[in-house]
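The next block is final10.cif, given as mmCIF, C-alpha atoms.
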data_upload
#
loop_
_atom_site.group_PDB
_atom_site.id
_atom_site.type_symbol
_atom_site.label_atom_id
_atom_site.label_comp_id
_atom_site.auth_asym_id
_atom_site.auth_seq_id
_atom_site.Cartn_x
_atom_site.Cartn_y
_atom_site.Cartn_z
ATOM 1 C CA MET A 1 2.285 4.723 2.670
ATOM 2 C CA ALA A 2 3.848 2.765 -0.072
ATOM 3 C CA ALA A 3 6.163 4.753 -2.312
ATOM 4 C CA ARG A 4 7.105 8.409 -2.299
ATOM 5 C CA PHE A 5 8.701 10.519 -5.008
ATOM 6 C CA ILE A 6 10.504 13.213 -3.022
ATOM 7 C CA ALA A 7 11.805 16.576 -4.188
ATOM 8 C CA LEU A 8 13.904 18.751 -1.893
ATOM 9 C CA PHE A 9 14.309 22.273 -3.224
ATOM 10 C CA ASN A 10 17.278 24.376 -2.220
ATOM 11 C CA GLN A 11 16.720 27.877 -0.870
ATOM 12 C CA PRO A 12 15.656 29.984 -3.882
ATOM 13 C CA GLU A 13 17.057 33.409 -4.623
ATOM 14 C CA ASP A 14 13.543 34.822 -4.877
ATOM 15 C CA PRO A 15 11.207 32.879 -2.569
ATOM 16 C CA ALA A 16 8.108 34.821 -3.641
ATOM 17 C CA ALA A 17 8.708 34.025 -7.308
ATOM 18 C CA PHE A 18 9.413 30.386 -6.419
ATOM 19 C CA ASP A 19 6.205 30.116 -4.426
ATOM 20 C CA ALA A 20 4.112 31.677 -7.184
ATOM 21 C CA HIS A 21 5.522 29.380 -9.857
ATOM 22 C CA TYR A 22 5.204 26.313 -7.669
ATOM 23 C CA ARG A 23 1.601 27.092 -6.820
ATOM 24 C CA ASP A 24 0.343 28.355 -10.169
ATOM 25 C CA VAL A 25 2.334 26.304 -12.679
ATOM 26 C CA HIS A 26 4.099 23.331 -11.097
ATOM 27 C CA THR A 27 1.415 22.041 -8.732
ATOM 28 C CA PRO A 28 -1.255 21.808 -11.472
ATOM 29 C CA ILE A 29 1.132 19.611 -13.497
ATOM 30 C CA VAL A 30 1.889 17.368 -10.522
ATOM 31 C CA ARG A 31 -1.809 17.024 -9.729
ATOM 32 C CA ARG A 32 -2.200 15.395 -13.153
ATOM 33 C CA TYR A 33 0.161 12.502 -12.264
ATOM 34 C CA PRO A 34 -1.824 9.304 -12.779
ATOM 35 C CA GLY A 35 -2.242 7.412 -9.508
ATOM 36 C CA LEU A 36 -1.150 10.304 -7.298
ATOM 37 C CA ARG A 37 -2.537 9.540 -3.854
ATOM 38 C CA ASP A 38 -1.299 12.600 -2.003
ATOM 39 C CA LEU A 39 0.853 15.676 -2.512
ATOM 40 C CA ARG A 40 2.440 16.874 0.714
ATOM 41 C CA LEU A 41 4.256 20.200 0.738
ATOM 42 C CA THR A 42 6.188 21.193 3.854
ATOM 43 C CA ARG A 43 8.480 24.099 4.577
ATOM 44 C CA THR A 44 11.573 22.985 6.443
ATOM 45 C CA ASP A 45 13.361 24.435 9.441
ATOM 46 C CA GLY A 46 16.990 24.085 10.418
ATOM 47 C CA VAL A 47 18.303 22.276 13.459
ATOM 48 C CA ALA A 48 20.368 23.649 16.342
ATOM 49 C CA GLY A 49 20.249 27.234 15.130
ATOM 50 C CA ARG A 50 21.379 26.387 11.607
ATOM 51 C CA ARG A 51 19.380 27.322 8.555
ATOM 52 C CA SER A 52 17.765 24.393 6.785
ATOM 53 C CA PRO A 53 19.688 23.350 3.681
ATOM 54 C CA PHE A 54 16.324 23.080 1.934
ATOM 55 C CA TYR A 55 13.435 25.433 1.307
ATOM 56 C CA LEU A 56 10.610 23.060 0.454
ATOM 57 C CA LEU A 57 9.962 19.346 0.908
ATOM 58 C CA ALA A 58 7.552 17.966 -1.700
ATOM 59 C CA GLU A 59 6.332 14.390 -1.230
ATOM 60 C CA MET A 60 4.271 12.760 -3.947
ATOM 61 C CA VAL A 61 2.691 9.609 -2.542
ATOM 62 C CA PHE A 62 1.626 6.550 -4.551
ATOM 63 C CA ASP A 63 0.129 3.221 -3.543
ATOM 64 C CA SER A 64 3.040 1.301 -5.024
ATOM 65 C CA ARG A 65 6.426 1.726 -6.616
ATOM 66 C CA ALA A 66 4.931 0.546 -9.913
ATOM 67 C CA GLU A 67 2.378 3.374 -9.869
ATOM 68 C CA LEU A 68 5.097 5.869 -9.012
ATOM 69 C CA ASP A 69 7.260 4.708 -11.905
ATOM 70 C CA ALA A 70 4.294 4.914 -14.281
ATOM 71 C CA ALA A 71 3.560 8.473 -13.157
ATOM 72 C CA LEU A 72 7.130 9.609 -13.759
ATOM 73 C CA ALA A 73 7.030 8.096 -17.243
ATOM 74 C CA SER A 74 3.679 9.733 -18.048
ATOM 75 C CA GLU A 75 3.200 12.973 -19.947
ATOM 76 C CA PRO A 76 2.713 15.074 -16.777
ATOM 77 C CA GLY A 77 5.682 13.284 -15.223
ATOM 78 C CA ILE A 78 7.888 14.367 -18.097
ATOM 79 C CA GLU A 79 6.375 17.859 -18.159
ATOM 80 C CA SER A 80 6.986 18.360 -14.432
ATOM 81 C CA GLY A 81 10.635 17.415 -14.897
ATOM 82 C CA ARG A 82 10.952 19.877 -17.751
ATOM 83 C CA ASP A 83 9.282 22.607 -15.676
ATOM 84 C CA LEU A 84 12.014 22.401 -13.003
ATOM 85 C CA ARG A 85 14.270 24.581 -15.119
ATOM 86 C CA ASN A 86 11.687 27.371 -14.890
ATOM 87 C CA PHE A 87 11.878 27.823 -11.123
ATOM 88 C CA ALA A 88 14.376 25.440 -9.471
ATOM 89 C CA GLY A 89 17.611 27.055 -10.617
ATOM 90 C CA ALA A 90 18.944 27.021 -7.054
ATOM 91 C CA GLY A 91 18.941 23.241 -7.208
ATOM 92 C CA VAL A 92 16.716 20.320 -6.348
ATOM 93 C CA SER A 93 17.401 16.811 -5.049
ATOM 94 C CA LEU A 94 15.080 14.145 -6.448
ATOM 95 C CA PHE A 95 14.812 10.623 -5.094
ATOM 96 C CA ILE A 96 12.423 7.785 -4.403
ATOM 97 C CA ALA A 97 11.629 6.332 -0.984
ATOM 98 C CA ASP A 98 9.995 2.946 -1.389
ATOM 99 C CA ASP A 99 8.527 2.308 2.023
ATOM 100 C CA ASP A 100 7.618 -1.261 1.177
ATOM 101 C CA ALA A 101 11.128 -2.246 0.162
ATOM 102 C CA ASP A 102 12.440 -1.990 3.703
ATOM 103 C CA ALA A 103 9.583 -3.772 5.432
ATOM 104 C CA MET B 104 1.928 13.088 11.556
ATOM 105 C CA ALA B 105 2.834 16.249 13.323
ATOM 106 C CA ALA B 106 6.530 17.016 13.239
ATOM 107 C CA ARG B 107 9.439 15.120 11.741
ATOM 108 C CA PHE B 108 13.138 15.439 12.403
ATOM 109 C CA ILE B 109 14.676 14.272 9.131
ATOM 110 C CA ALA B 110 18.230 13.139 8.427
ATOM 111 C CA LEU B 111 19.392 12.448 4.879
ATOM 112 C CA PHE B 112 22.703 10.640 4.780
ATOM 113 C CA ASN B 113 24.977 10.919 1.775
ATOM 114 C CA GLN B 114 26.291 7.778 0.125
ATOM 115 C CA PRO B 115 28.917 6.370 2.535
ATOM 116 C CA GLU B 116 32.313 5.131 1.430
ATOM 117 C CA ASP B 117 31.744 1.855 3.251
ATOM 118 C CA PRO B 118 28.015 1.034 3.295
ATOM 119 C CA ALA B 119 28.468 -2.124 5.391
ATOM 120 C CA ALA B 120 30.300 -0.208 8.134
ATOM 121 C CA PHE B 121 27.676 2.563 7.965
ATOM 122 C CA ASP B 122 24.839 0.062 8.292
ATOM 123 C CA ALA B 123 26.458 -1.721 11.226
ATOM 124 C CA HIS B 124 27.104 1.506 13.122
ATOM 125 C CA TYR B 125 23.642 2.856 12.375
ATOM 126 C CA ARG B 126 21.977 -0.333 13.557
ATOM 127 C CA ASP B 127 24.131 -1.189 16.566
ATOM 128 C CA VAL B 128 25.122 2.215 17.926
ATOM 129 C CA HIS B 129 23.048 5.055 16.476
ATOM 130 C CA THR B 130 19.571 3.517 16.470
ATOM 131 C CA PRO B 131 19.705 2.592 20.182
ATOM 132 C CA ILE B 132 20.496 6.249 20.983
ATOM 133 C CA VAL B 133 17.650 7.535 18.793
ATOM 134 C CA ARG B 134 15.226 5.079 20.384
ATOM 135 C CA ARG B 135 15.889 6.838 23.687
ATOM 136 C CA TYR B 136 14.552 10.191 22.397
ATOM 137 C CA PRO B 137 11.742 11.206 24.769
ATOM 138 C CA GLY B 138 8.415 11.382 22.922
ATOM 139 C CA LEU B 139 9.637 9.537 19.839
ATOM 140 C CA ARG B 140 6.508 8.246 18.120
ATOM 141 C CA ASP B 141 8.107 6.481 15.179
ATOM 142 C CA LEU B 142 11.487 5.938 13.564
ATOM 143 C CA ARG B 143 11.225 5.332 9.830
ATOM 144 C CA LEU B 144 14.312 4.268 7.919
ATOM 145 C CA THR B 145 14.144 4.089 4.136
ATOM 146 C CA ARG B 146 16.775 3.435 1.510
ATOM 147 C CA THR B 147 16.419 5.806 -1.418
ATOM 148 C CA ASP B 148 16.542 5.221 -5.155
ATOM 149 C CA GLY B 149 17.474 7.652 -7.870
ATOM 150 C CA VAL B 150 15.154 8.997 -10.547
ATOM 151 C CA ALA B 151 15.425 8.686 -14.316
ATOM 152 C CA GLY B 152 18.488 6.461 -14.251
ATOM 153 C CA ARG B 153 20.445 8.718 -11.907
ATOM 154 C CA ARG B 154 21.843 7.507 -8.615
ATOM 155 C CA SER B 155 20.109 8.915 -5.570
ATOM 156 C CA PRO B 156 22.064 11.745 -3.954
ATOM 157 C CA PHE B 157 21.287 10.105 -0.620
ATOM 158 C CA TYR B 158 21.856 6.695 0.906
ATOM 159 C CA LEU B 159 19.417 6.647 3.790
ATOM 160 C CA LEU B 160 16.341 8.658 4.772
ATOM 161 C CA ALA B 161 15.738 8.665 8.525
ATOM 162 C CA GLU B 162 12.489 10.190 9.796
ATOM 163 C CA MET B 163 11.946 10.630 13.502
ATOM 164 C CA VAL B 164 8.292 11.365 14.126
ATOM 165 C CA PHE B 165 6.861 13.289 17.083
ATOM 166 C CA ASP B 166 3.349 14.331 18.017
ATOM 167 C CA SER B 167 4.269 17.993 18.023
ATOM 168 C CA ARG B 168 7.055 20.398 17.241
ATOM 169 C CA ALA B 169 7.417 21.065 20.972
ATOM 170 C CA GLU B 170 8.083 17.370 21.635
ATOM 171 C CA LEU B 171 10.584 17.260 18.783
ATOM 172 C CA ASP B 172 12.447 20.286 20.125
ATOM 173 C CA ALA B 173 12.534 18.739 23.600
ATOM 174 C CA ALA B 174 13.940 15.493 22.214
ATOM 175 C CA LEU B 175 16.738 17.282 20.361
ATOM 176 C CA ALA B 176 17.658 19.152 23.540
ATOM 177 C CA SER B 177 17.625 15.978 25.653
ATOM 178 C CA GLU B 178 20.658 13.896 26.575
ATOM 179 C CA PRO B 179 20.040 11.291 23.826
ATOM 180 C CA GLY B 180 19.364 14.140 21.369
ATOM 181 C CA ILE B 181 22.772 15.629 22.101
ATOM 182 C CA GLU B 182 24.436 12.210 22.104
ATOM 183 C CA SER B 183 22.972 11.299 18.708
ATOM 184 C CA GLY B 184 24.308 14.530 17.234
ATOM 185 C CA ARG B 185 27.729 13.795 18.668
ATOM 186 C CA ASP B 186 27.615 10.244 17.277
ATOM 187 C CA LEU B 187 27.258 11.524 13.697
ATOM 188 C CA ARG B 188 31.004 12.086 13.512
ATOM 189 C CA ASN B 189 31.523 8.370 14.068
ATOM 190 C CA PHE B 190 29.778 7.211 10.902
ATOM 191 C CA ALA B 191 28.428 10.108 8.808
ATOM 192 C CA GLY B 192 31.692 11.468 7.463
ATOM 193 C CA ALA B 193 30.280 11.453 3.932
ATOM 194 C CA GLY B 194 27.813 14.108 5.038
ATOM 195 C CA VAL B 195 24.302 14.410 6.362
ATOM 196 C CA SER B 196 21.529 16.969 5.875
ATOM 197 C CA LEU B 197 19.431 17.611 8.964
ATOM 198 C CA PHE B 198 16.147 19.498 8.975
ATOM 199 C CA ILE B 199 12.719 19.673 10.535
ATOM 200 C CA ALA B 200 9.436 19.253 8.694
ATOM 201 C CA ASP B 201 6.608 20.605 10.815
ATOM 202 C CA ASP B 202 3.540 19.180 9.148
ATOM 203 C CA ASP B 203 1.175 21.249 11.247
ATOM 204 C CA ALA B 204 2.763 24.546 10.330
ATOM 205 C CA ASP B 205 1.538 24.330 6.746
ATOM 206 C CA ALA B 206 -2.023 23.291 7.505
#
Can you give me the file's structure in the form of structure tokens?
Amino acid sequence: MAARFIALFNQPEDPAAFDAHYRDVHTPIVRRYPGLRDLRLTRTDGVAGRRSPFYLLAEMVFDSRAELDAALASEPGIESGRDLRNFAGAGVSLFIADDDADA
Amino acid sequence: MAARFIALFNQPEDPAAFDAHYRDVHTPIVRRYPGLRDLRLTRTDGVAGRRSPFYLLAEMVFDSRAELDAALASEPGIESGRDLRNFAGAGVSLFIADDDADA
């Protein structure tokens, strides 16, 4: 792995509506990111009997930080950011993990 | 990958003190987790000119969810949780990503 664009979605008010939008609208946009190597979607569980603070972990994997940056600046990158307002009203944390930077 | 125990640490007030404690005290405890396959530490960057909400992404990788659960219940698992109060006062989000569960 080289560089990951990570989105952590807070627990939605309506999980079924969130899932449908993510699957039918958001994922097709993300799949159009240039250079996207992998899209990993994982439900999260809490620890020690606590509920997870997050509902969904989305990891978009690129071969390099440069490819990741280019994808975010691309038309689908901008469109995916704009689409967040349509289903991520409960909140989302976005960040980049550059696995090469810490080698 | 099978199951990850993930810790996302908020930006600390004193990054140098955080780093020293993480390296010299916390990491040696985590390395004692039974079944730990990999410990991946990654600094995070923000997106679109915003600062990352998190300072450090720590991923503890296990072969299975059962091994992860056993590690958290072990003596070093309990000790690492107790150690959080010594350096993670700015806050930490803990959750489990079971990569097999979504297959």
Hand me chain A as it sits after a least-squares fit onto chain B over every Cα, paired in order, written as an mmCIF file with C-alpha atoms, keeping the file's coordinate frame.
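Result saved to part-v2.cif:
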data_model
loop_
_atom_site.group_PDB
_atom_site.id
_atom_site.type_symbol
_atom_site.label_atom_id
_atom_site.label_comp_id
_atom_site.auth_asym_id
_atom_site.auth_seq_id
_atom_site.Cartn_x
_atom_site.Cartn_y
_atom_site.Cartn_z
ATOM 1 C CA MET A 1 1.847 13.132 11.542
ATOM 2 C CA ALA A 2 2.821 16.251 13.310
ATOM 3 C CA ALA A 3 6.527 17.017 13.234
ATOM 4 C CA ARG A 4 9.431 15.121 11.741
ATOM 5 C CA PHE A 5 13.145 15.440 12.408
ATOM 6 C CA ILE A 6 14.689 14.279 9.134
ATOM 7 C CA ALA A 7 18.233 13.133 8.436
ATOM 8 C CA LEU A 8 19.393 12.450 4.888
ATOM 9 C CA PHE A 9 22.713 10.633 4.785
ATOM 10 C CA ASN A 10 24.968 10.921 1.772
ATOM 11 C CA GLN A 11 26.299 7.774 0.124
ATOM 12 C CA PRO A 12 28.923 6.380 2.535
ATOM 13 C CA GLU A 13 32.315 5.148 1.432
ATOM 14 C CA ASP A 14 31.748 1.867 3.255
ATOM 15 C CA PRO A 15 28.024 1.037 3.277
ATOM 16 C CA ALA A 16 28.473 -2.118 5.368
ATOM 17 C CA ALA A 17 30.299 -0.213 8.102
ATOM 18 C CA PHE A 18 27.675 2.549 7.952
ATOM 19 C CA ASP A 19 24.845 0.056 8.281
ATOM 20 C CA ALA A 20 26.469 -1.721 11.218
ATOM 21 C CA HIS A 21 27.103 1.511 13.106
ATOM 22 C CA TYR A 22 23.645 2.850 12.371
ATOM 23 C CA ARG A 23 21.982 -0.338 13.546
ATOM 24 C CA ASP A 24 24.136 -1.192 16.550
ATOM 25 C CA VAL A 25 25.119 2.219 17.918
ATOM 26 C CA HIS A 26 23.054 5.055 16.452
ATOM 27 C CA THR A 27 19.573 3.525 16.458
ATOM 28 C CA PRO A 28 19.704 2.595 20.174
ATOM 29 C CA ILE A 29 20.501 6.248 20.976
ATOM 30 C CA VAL A 30 17.661 7.539 18.802
ATOM 31 C CA ARG A 31 15.229 5.078 20.366
ATOM 32 C CA ARG A 32 15.886 6.827 23.689
ATOM 33 C CA TYR A 33 14.550 10.190 22.407
ATOM 34 C CA PRO A 34 11.746 11.196 24.764
ATOM 35 C CA GLY A 35 8.418 11.375 22.934
ATOM 36 C CA LEU A 36 9.633 9.539 19.836
ATOM 37 C CA ARG A 37 6.509 8.240 18.126
ATOM 38 C CA ASP A 38 8.109 6.479 15.183
ATOM 39 C CA LEU A 39 11.490 5.935 13.564
ATOM 40 C CA ARG A 40 11.221 5.342 9.831
ATOM 41 C CA LEU A 41 14.310 4.260 7.920
ATOM 42 C CA THR A 42 14.128 4.069 4.131
ATOM 43 C CA ARG A 43 16.763 3.418 1.512
ATOM 44 C CA THR A 44 16.419 5.791 -1.410
ATOM 45 C CA ASP A 45 16.544 5.218 -5.144
ATOM 46 C CA GLY A 46 17.473 7.654 -7.873
ATOM 47 C CA VAL A 47 15.152 9.002 -10.526
ATOM 48 C CA ALA A 48 15.421 8.699 -14.307
ATOM 49 C CA GLY A 49 18.469 6.454 -14.222
ATOM 50 C CA ARG A 50 20.429 8.714 -11.887
ATOM 51 C CA ARG A 51 21.843 7.510 -8.611
ATOM 52 C CA SER A 52 20.107 8.905 -5.551
ATOM 53 C CA PRO A 53 22.073 11.727 -3.942
ATOM 54 C CA PHE A 54 21.288 10.097 -0.600
ATOM 55 C CA TYR A 55 21.862 6.684 0.916
ATOM 56 C CA LEU A 56 19.408 6.641 3.800
ATOM 57 C CA LEU A 57 16.340 8.655 4.776
ATOM 58 C CA ALA A 58 15.746 8.659 8.539
ATOM 59 C CA GLU A 59 12.491 10.187 9.791
ATOM 60 C CA MET A 60 11.956 10.628 13.506
ATOM 61 C CA VAL A 61 8.287 11.378 14.120
ATOM 62 C CA PHE A 62 6.859 13.295 17.089
ATOM 63 C CA ASP A 63 3.335 14.326 18.013
ATOM 64 C CA SER A 64 4.258 18.001 18.020
ATOM 65 C CA ARG A 65 7.051 20.403 17.237
ATOM 66 C CA ALA A 66 7.416 21.065 20.968
ATOM 67 C CA GLU A 67 8.088 17.376 21.646
ATOM 68 C CA LEU A 68 10.572 17.262 18.788
ATOM 69 C CA ASP A 69 12.454 20.273 20.127
ATOM 70 C CA ALA A 70 12.534 18.746 23.612
ATOM 71 C CA ALA A 71 13.949 15.499 22.225
ATOM 72 C CA LEU A 72 16.747 17.277 20.378
ATOM 73 C CA ALA A 73 17.654 19.158 23.553
ATOM 74 C CA SER A 74 17.627 15.975 25.656
ATOM 75 C CA GLU A 75 20.661 13.904 26.571
ATOM 76 C CA PRO A 76 20.050 11.301 23.823
ATOM 77 C CA GLY A 77 19.369 14.139 21.390
ATOM 78 C CA ILE A 78 22.772 15.622 22.107
ATOM 79 C CA GLU A 79 24.445 12.203 22.106
ATOM 80 C CA SER A 80 22.960 11.303 18.715
ATOM 81 C CA GLY A 81 24.314 14.538 17.257
ATOM 82 C CA ARG A 82 27.742 13.789 18.670
ATOM 83 C CA ASP A 83 27.615 10.237 17.285
ATOM 84 C CA LEU A 84 27.255 11.530 13.700
ATOM 85 C CA ARG A 85 30.993 12.092 13.511
ATOM 86 C CA ASN A 86 31.521 8.361 14.071
ATOM 87 C CA PHE A 87 29.781 7.202 10.900
ATOM 88 C CA ALA A 88 28.421 10.106 8.811
ATOM 89 C CA GLY A 89 31.691 11.468 7.455
ATOM 90 C CA ALA A 90 30.280 11.467 3.922
ATOM 91 C CA GLY A 91 27.818 14.119 5.025
ATOM 92 C CA VAL A 92 24.307 14.416 6.371
ATOM 93 C CA SER A 93 21.530 16.967 5.878
ATOM 94 C CA LEU A 94 19.426 17.608 8.979
ATOM 95 C CA PHE A 95 16.157 19.512 8.986
ATOM 96 C CA ILE A 96 12.721 19.684 10.536
ATOM 97 C CA ALA A 97 9.428 19.268 8.689
ATOM 98 C CA ASP A 98 6.601 20.612 10.810
ATOM 99 C CA ASP A 99 3.542 19.179 9.139
ATOM 100 C CA ASP A 100 1.184 21.253 11.242
ATOM 101 C CA ALA A 101 2.758 24.564 10.303
ATOM 102 C CA ASP A 102 1.545 24.355 6.723
ATOM 103 C CA ALA A 103 -1.989 23.212 7.452
#
The PyMOL selection byres ((chain B) within 6 of (chain A)) resolved against shown file, as a list in words: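 This file, filtered by the PyMOL selection byres ((chain B) within 6 of (chain A)), leaves Thr147, Asp148, Gly149, Val150, Ser155, Phe198, Ile199 and Ala200 of chain B.
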Selection from above, C-alpha atoms, as a CSV table (one decimal), in the coordinates of the input, can you write it?
chain,number,residue,atom,x,y,z
B,147,THR,CA,16.4,5.8,-1.4
B,148,ASP,CA,16.5,5.2,-5.2
B,149,GLY,CA,17.5,7.7,-7.9
B,150,VAL,CA,15.2,9.0,-10.5
B,155,SER,CA,20.1,8.9,-5.6
B,198,PHE,CA,16.1,19.5,9.0
B,199,ILE,CA,12.7,19.7,10.5
B,200,ALA,CA,9.4,19.3,8.7
Atomic distance CA of Arg168 (chain B) - CA of Leu8 (chain A), expressed in Å with one decimal: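 Atom-to-atom, CA of Arg168 (chain B) and CA of Leu8 (chain A) are spaced 20.4 Å apart.
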Residues matched by the PyMOL selection byres ((chain A and resi 91) around 10), written as a VMD selection string: chain A and resid 8 to 12 54 84 to 85 87 to 90 92 to 94
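Coordinates place CA of Ala20 (chain A) at a distance of 22.6 Å from CA of Val61 (chain A).
When only C-alpha atoms are used to measure the gap to Leu139 (chain B), the shortest distance among B:Ala174, B:Ala119, B:Ala161, B:Ala110 belongs to B:Ala174.
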Output of the PyMOL selection byres ((chain B and resi 182) around 12), listed as a ChimeraX atom specification: /B:128-136,174-181,183-189
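Note that the spacing between CA of Tyr125 (chain B) and CA of Leu142 (chain B) amounts to 12.6 Å.
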Residue with smallest distance to Asp14 (chain A) - pool A:Tyr55, A:Gly35, A:Leu68, A:Gly49, counting all atoms listed in the file: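 Between A:Tyr55, A:Gly35, A:Leu68, A:Gly49, the residue approaching Asp14 (chain A) most closely is A:Tyr55.
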Saving region 131-168 of chain B with C-alpha atoms, as an mmCIF file, in the first residue's frame, what would that file be?
data_model
loop_
_atom_site.group_PDB
_atom_site.id
_atom_site.type_symbol
_atom_site.label_atom_id
_atom_site.label_comp_id
_atom_site.auth_asym_id
_atom_site.auth_seq_id
_atom_site.Cartn_x
_atom_site.Cartn_y
_atom_site.Cartn_z
ATOM 1 C CA PRO B 131 6.333 -1.993 23.887
ATOM 2 C CA ILE B 132 3.000 -2.899 25.533
ATOM 3 C CA VAL B 133 1.235 -3.282 22.173
ATOM 4 C CA ARG B 134 4.065 -5.454 20.859
ATOM 5 C CA ARG B 135 3.219 -7.919 23.626
ATOM 6 C CA TYR B 136 -0.331 -8.496 22.299
ATOM 7 C CA PRO B 137 -0.641 -12.244 21.668
ATOM 8 C CA GLY B 138 -1.235 -12.946 17.971
ATOM 9 C CA LEU B 139 -0.283 -9.462 16.804
ATOM 10 C CA ARG B 140 0.568 -9.820 13.122
ATOM 11 C CA ASP B 141 1.474 -6.228 12.349
ATOM 12 C CA LEU B 142 1.516 -2.800 13.953
ATOM 13 C CA ARG B 143 1.128 -0.010 11.414
ATOM 14 C CA LEU B 144 1.601 3.573 12.533
ATOM 15 C CA THR B 145 0.788 6.365 10.102
ATOM 16 C CA ARG B 146 0.686 10.118 10.494
ATOM 17 C CA THR B 147 -2.362 11.598 8.808
ATOM 18 C CA ASP B 148 -2.777 14.623 6.573
ATOM 19 C CA GLY B 149 -5.849 16.726 6.035
ATOM 20 C CA VAL B 150 -7.807 17.023 2.804
ATOM 21 C CA ALA B 151 -8.498 20.105 0.707
ATOM 22 C CA GLY B 152 -6.388 22.431 2.822
ATOM 23 C CA ARG B 153 -7.987 21.383 6.102
ATOM 24 C CA ARG B 154 -5.982 20.022 8.998
ATOM 25 C CA SER B 155 -6.513 16.345 9.675
ATOM 26 C CA PRO B 156 -8.855 15.723 12.601
ATOM 27 C CA PHE B 157 -6.387 13.077 13.750
ATOM 28 C CA TYR B 158 -2.707 13.013 14.607
ATOM 29 C CA LEU B 159 -1.864 9.336 14.416
ATOM 30 C CA LEU B 160 -3.493 6.258 12.889
ATOM 31 C CA ALA B 161 -2.508 3.047 14.671
ATOM 32 C CA GLU B 162 -3.591 -0.252 13.108
ATOM 33 C CA MET B 163 -3.036 -3.482 14.974
ATOM 34 C CA VAL B 164 -3.518 -6.373 12.588
ATOM 35 C CA PHE B 165 -4.576 -9.908 13.525
ATOM 36 C CA ASP B 166 -5.276 -13.010 11.483
ATOM 37 C CA SER B 167 -8.824 -13.237 12.754
ATOM 38 C CA ARG B 168 -11.399 -11.442 14.829
#
